[in-house]
Structures are given as C-alpha cells and as structure tokens.
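K.L.:
Handing you this structure, nothing more for now.
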Amino acid sequence: MNLRTGPSTGYTSLGILAKGTTFTHYCLAYPKGTNWAWGKVTSGANKGKTGWVAYSYLNL
C-alpha cells in the first residue's frame, strides 16, 4: 500500500509499504467516506517516515 502525504489518493506517495511492514497509527480521518490512518512506519524500507495509509489495508 502507499504511504501518502494526506488522507486520499490525490496526495503524493511517500513510498510503498510491503506486506509485513509495521505501521503505528495515531489518528483517523474520514474524507468522503473512506477511512485513513495517520501514523509512523516502524519497520521495513520506509522505517521512521510518517504519513497516511488507507485504514482498510491495516491488519489490526
């Protein structure tokens, strides 16, 4: 999934998060009926980056 600069697919991708990447979410946004989570990547190639991901892709 994409890590994005804002809570929609219209925002720039900061990188791709591979399956198994750990992401800690801190808050949610609900623009236009889609849930987005803002947080920090804690493992993998983009470790340390913060951004938005589509909440439905998170394995909680």
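We label chains A, B, ... in the order they appear in the structure tokens, count residues from 1 in each chain, and number ligands from 1 in the order shown.
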Hey, what's within 7 Å of range 10-16 of chain A if we count only C-alpha atoms and toss same-chain stuff fewer than 5 positions away? As a ChimeraX atom specification, please?
P.N.:
/A:1-5,46
K.L.:
Generate the output file for the selected residues, all heavy atoms, as a tab-separated table (two decimals), in the first residue's frame.
P.N.:
chain	number	residue	atom	x	y	z
A	1	MET	N	0.84	-1.17	0.00
A	1	MET	CA	0.00	0.00	0.00
A	1	MET	C	0.89	1.24	0.00
A	1	MET	O	2.06	1.17	0.36
A	1	MET	CB	-0.94	-0.03	1.19
A	1	MET	CG	-0.33	0.44	2.50
A	1	MET	SD	-1.48	0.40	3.86
A	1	MET	CE	-0.75	-0.92	4.76
A	2	ASN	N	0.33	2.37	-0.38
A	2	ASN	CA	1.07	3.63	-0.40
A	2	ASN	C	1.00	4.35	0.93
A	2	ASN	O	-0.05	4.38	1.58
A	2	ASN	CB	0.47	4.56	-1.47
A	2	ASN	CG	0.89	4.17	-2.86
A	2	ASN	OD1	2.04	4.32	-3.23
A	2	ASN	ND2	-0.05	3.66	-3.63
A	3	LEU	N	2.11	4.94	1.32
A	3	LEU	CA	2.16	5.88	2.42
A	3	LEU	C	2.04	7.25	1.77
A	3	LEU	O	2.81	7.56	0.86
A	3	LEU	CB	3.51	5.76	3.16
A	3	LEU	CG	3.73	6.72	4.33
A	3	LEU	CD1	2.79	6.36	5.49
A	3	LEU	CD2	5.18	6.66	4.79
A	4	ARG	N	1.07	8.05	2.17
A	4	ARG	CA	0.78	9.30	1.48
A	4	ARG	C	0.94	10.53	2.37
A	4	ARG	O	0.90	10.43	3.59
A	4	ARG	CB	-0.63	9.27	0.91
A	4	ARG	CG	-0.79	8.17	-0.14
A	4	ARG	CD	-2.05	8.34	-0.94
A	4	ARG	NE	-2.13	7.35	-1.99
A	4	ARG	CZ	-1.61	7.48	-3.21
A	4	ARG	NH1	-0.97	8.58	-3.53
A	4	ARG	NH2	-1.73	6.52	-4.09
A	5	THR	N	1.08	11.70	1.72
A	5	THR	CA	1.24	12.96	2.43
A	5	THR	C	-0.06	13.48	3.01
A	5	THR	O	-0.06	14.35	3.86
A	5	THR	CB	1.85	14.04	1.51
A	5	THR	OG1	0.99	14.22	0.37
A	5	THR	CG2	3.25	13.68	1.07
A	46	ASN	N	10.76	1.92	4.68
A	46	ASN	CA	10.37	3.31	4.96
A	46	ASN	C	10.32	3.62	6.46
A	46	ASN	O	9.67	4.57	6.88
A	46	ASN	CB	9.00	3.60	4.32
A	46	ASN	CG	9.09	3.60	2.82
A	46	ASN	OD1	9.70	4.50	2.24
A	46	ASN	ND2	8.53	2.59	2.18
K.L.:
Let's see if you can do this: from backbone DSSP, list all helix (DSSP H, G or I) residues in chain A, as a PDB file with C-alpha atoms, in the first residue's frame.
P.N.:
ATOM      1  CA  PRO A  31     -12.894  12.231   3.988  1.00  0.00           C
ATOM      2  CA  LYS A  32     -15.633  11.232   1.528  1.00  0.00           C
ATOM      3  CA  GLY A  33     -16.481   8.026   3.404  1.00  0.00           C
ATOM      4  CA  TYR A  55      -7.251   2.164   7.035  1.00  0.00           C
ATOM      5  CA  SER A  56      -8.866  -0.820   5.316  1.00  0.00           C
ATOM      6  CA  TYR A  57      -5.410  -2.160   4.435  1.00  0.00           C
TER       7      TYR A  57
END
K.L.:
Where in range 2-40 of chain A does DSSP assign strand (DSSP E or B), given as a VMD selection string?
P.N.:
chain A and resid 2 to 4 13 to 16 23 to 29 36 to 40
K.L.:
Please dump the current selection as an mmCIF file, in the first residue's frame; keep N, CA, C and O atoms.
P.N.:
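This is the output file result26.cif:
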data_model
loop_
_atom_site.group_PDB
_atom_site.id
_atom_site.type_symbol
_atom_site.label_atom_id
_atom_site.label_comp_id
_atom_site.auth_asym_id
_atom_site.auth_seq_id
_atom_site.Cartn_x
_atom_site.Cartn_y
_atom_site.Cartn_z
ATOM 1 N N ASN A 2 0.329 2.369 -0.381
ATOM 2 C CA ASN A 2 1.068 3.628 -0.401
ATOM 3 C C ASN A 2 1.001 4.351 0.935
ATOM 4 O O ASN A 2 -0.048 4.381 1.585
ATOM 5 N N LEU A 3 2.108 4.935 1.315
ATOM 6 C CA LEU A 3 2.164 5.882 2.423
ATOM 7 C C LEU A 3 2.040 7.246 1.770
ATOM 8 O O LEU A 3 2.810 7.564 0.862
ATOM 9 N N ARG A 4 1.068 8.047 2.174
ATOM 10 C CA ARG A 4 0.784 9.304 1.476
ATOM 11 C C ARG A 4 0.938 10.533 2.374
ATOM 12 O O ARG A 4 0.902 10.427 3.594
ATOM 13 N N SER A 13 2.544 10.057 -3.001
ATOM 14 C CA SER A 13 3.028 8.864 -2.304
ATOM 15 C C SER A 13 4.425 9.126 -1.762
ATOM 16 O O SER A 13 5.287 9.659 -2.459
ATOM 17 N N LEU A 14 4.635 8.741 -0.511
ATOM 18 C CA LEU A 14 5.956 8.855 0.118
ATOM 19 C C LEU A 14 6.739 7.548 0.005
ATOM 20 O O LEU A 14 7.903 7.488 0.360
ATOM 21 N N GLY A 15 6.071 6.489 -0.459
ATOM 22 C CA GLY A 15 6.706 5.187 -0.588
ATOM 23 C C GLY A 15 5.677 4.079 -0.497
ATOM 24 O O GLY A 15 4.537 4.302 -0.104
ATOM 25 N N ILE A 16 6.099 2.892 -0.850
ATOM 26 C CA ILE A 16 5.246 1.712 -0.800
ATOM 27 C C ILE A 16 5.573 0.921 0.464
ATOM 28 O O ILE A 16 6.739 0.693 0.770
ATOM 29 N N PHE A 23 3.224 -0.573 11.040
ATOM 30 C CA PHE A 23 2.771 0.824 10.988
ATOM 31 C C PHE A 23 1.973 1.093 12.260
ATOM 32 O O PHE A 23 1.027 0.379 12.573
ATOM 33 N N THR A 24 2.355 2.123 13.003
ATOM 34 C CA THR A 24 1.634 2.508 14.211
ATOM 35 C C THR A 24 0.766 3.717 13.888
ATOM 36 O O THR A 24 1.291 4.760 13.507
ATOM 37 N N HIS A 25 -0.559 3.564 13.998
ATOM 38 C CA HIS A 25 -1.437 4.699 13.685
ATOM 39 C C HIS A 25 -1.810 5.455 14.958
ATOM 40 O O HIS A 25 -1.961 4.874 16.026
ATOM 41 N N TYR A 26 -1.937 6.781 14.795
ATOM 42 C CA TYR A 26 -2.209 7.668 15.919
ATOM 43 C C TYR A 26 -3.560 8.367 15.825
ATOM 44 O O TYR A 26 -4.130 8.747 16.836
ATOM 45 N N CYS A 27 -4.055 8.561 14.599
ATOM 46 C CA CYS A 27 -5.365 9.202 14.449
ATOM 47 C C CYS A 27 -5.981 8.779 13.123
ATOM 48 O O CYS A 27 -5.308 8.221 12.264
ATOM 49 N N LEU A 28 -7.284 9.063 12.974
ATOM 50 C CA LEU A 28 -8.023 8.686 11.776
ATOM 51 C C LEU A 28 -8.679 9.911 11.155
ATOM 52 O O LEU A 28 -8.990 10.879 11.845
ATOM 53 N N ALA A 29 -8.897 9.844 9.843
ATOM 54 C CA ALA A 29 -9.643 10.863 9.107
ATOM 55 C C ALA A 29 -10.637 10.138 8.217
ATOM 56 O O ALA A 29 -10.390 9.014 7.778
ATOM 57 N N TRP A 36 -8.902 6.835 6.703
ATOM 58 C CA TRP A 36 -7.458 6.952 6.550
ATOM 59 C C TRP A 36 -6.823 7.053 7.931
ATOM 60 O O TRP A 36 -7.373 7.680 8.824
ATOM 61 N N ALA A 37 -5.666 6.436 8.076
ATOM 62 C CA ALA A 37 -4.945 6.467 9.344
ATOM 63 C C ALA A 37 -3.623 7.214 9.173
ATOM 64 O O ALA A 37 -2.902 6.983 8.205
ATOM 65 N N TRP A 38 -3.323 8.104 10.108
ATOM 66 C CA TRP A 38 -2.039 8.795 10.120
ATOM 67 C C TRP A 38 -1.164 8.148 11.176
ATOM 68 O O TRP A 38 -1.618 7.837 12.284
ATOM 69 N N GLY A 39 0.097 7.927 10.821
ATOM 70 C CA GLY A 39 0.995 7.325 11.792
ATOM 71 C C GLY A 39 2.414 7.232 11.296
ATOM 72 O O GLY A 39 2.815 7.946 10.364
ATOM 73 N N LYS A 40 3.165 6.320 11.901
ATOM 74 C CA LYS A 40 4.603 6.183 11.648
ATOM 75 C C LYS A 40 4.934 4.749 11.266
ATOM 76 O O LYS A 40 4.456 3.801 11.885
#
K.L.:
Between A:Pro7, A:Trp52, A:Thr42, A:Leu17, which has the minimum distance to Tyr30 in chain A (counting only C-alpha atoms)?
P.N.:
A:Pro7
K.L.:
Give the answer as one residue: which of A:Leu60, A:Val53, A:Lys47, A:Lys19 has the shortest atom-to-atom distance to Thr34 in chain A, using only C-alpha atoms?
P.N.:
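Closest residue, counting only C-alpha atoms: A:Val53.
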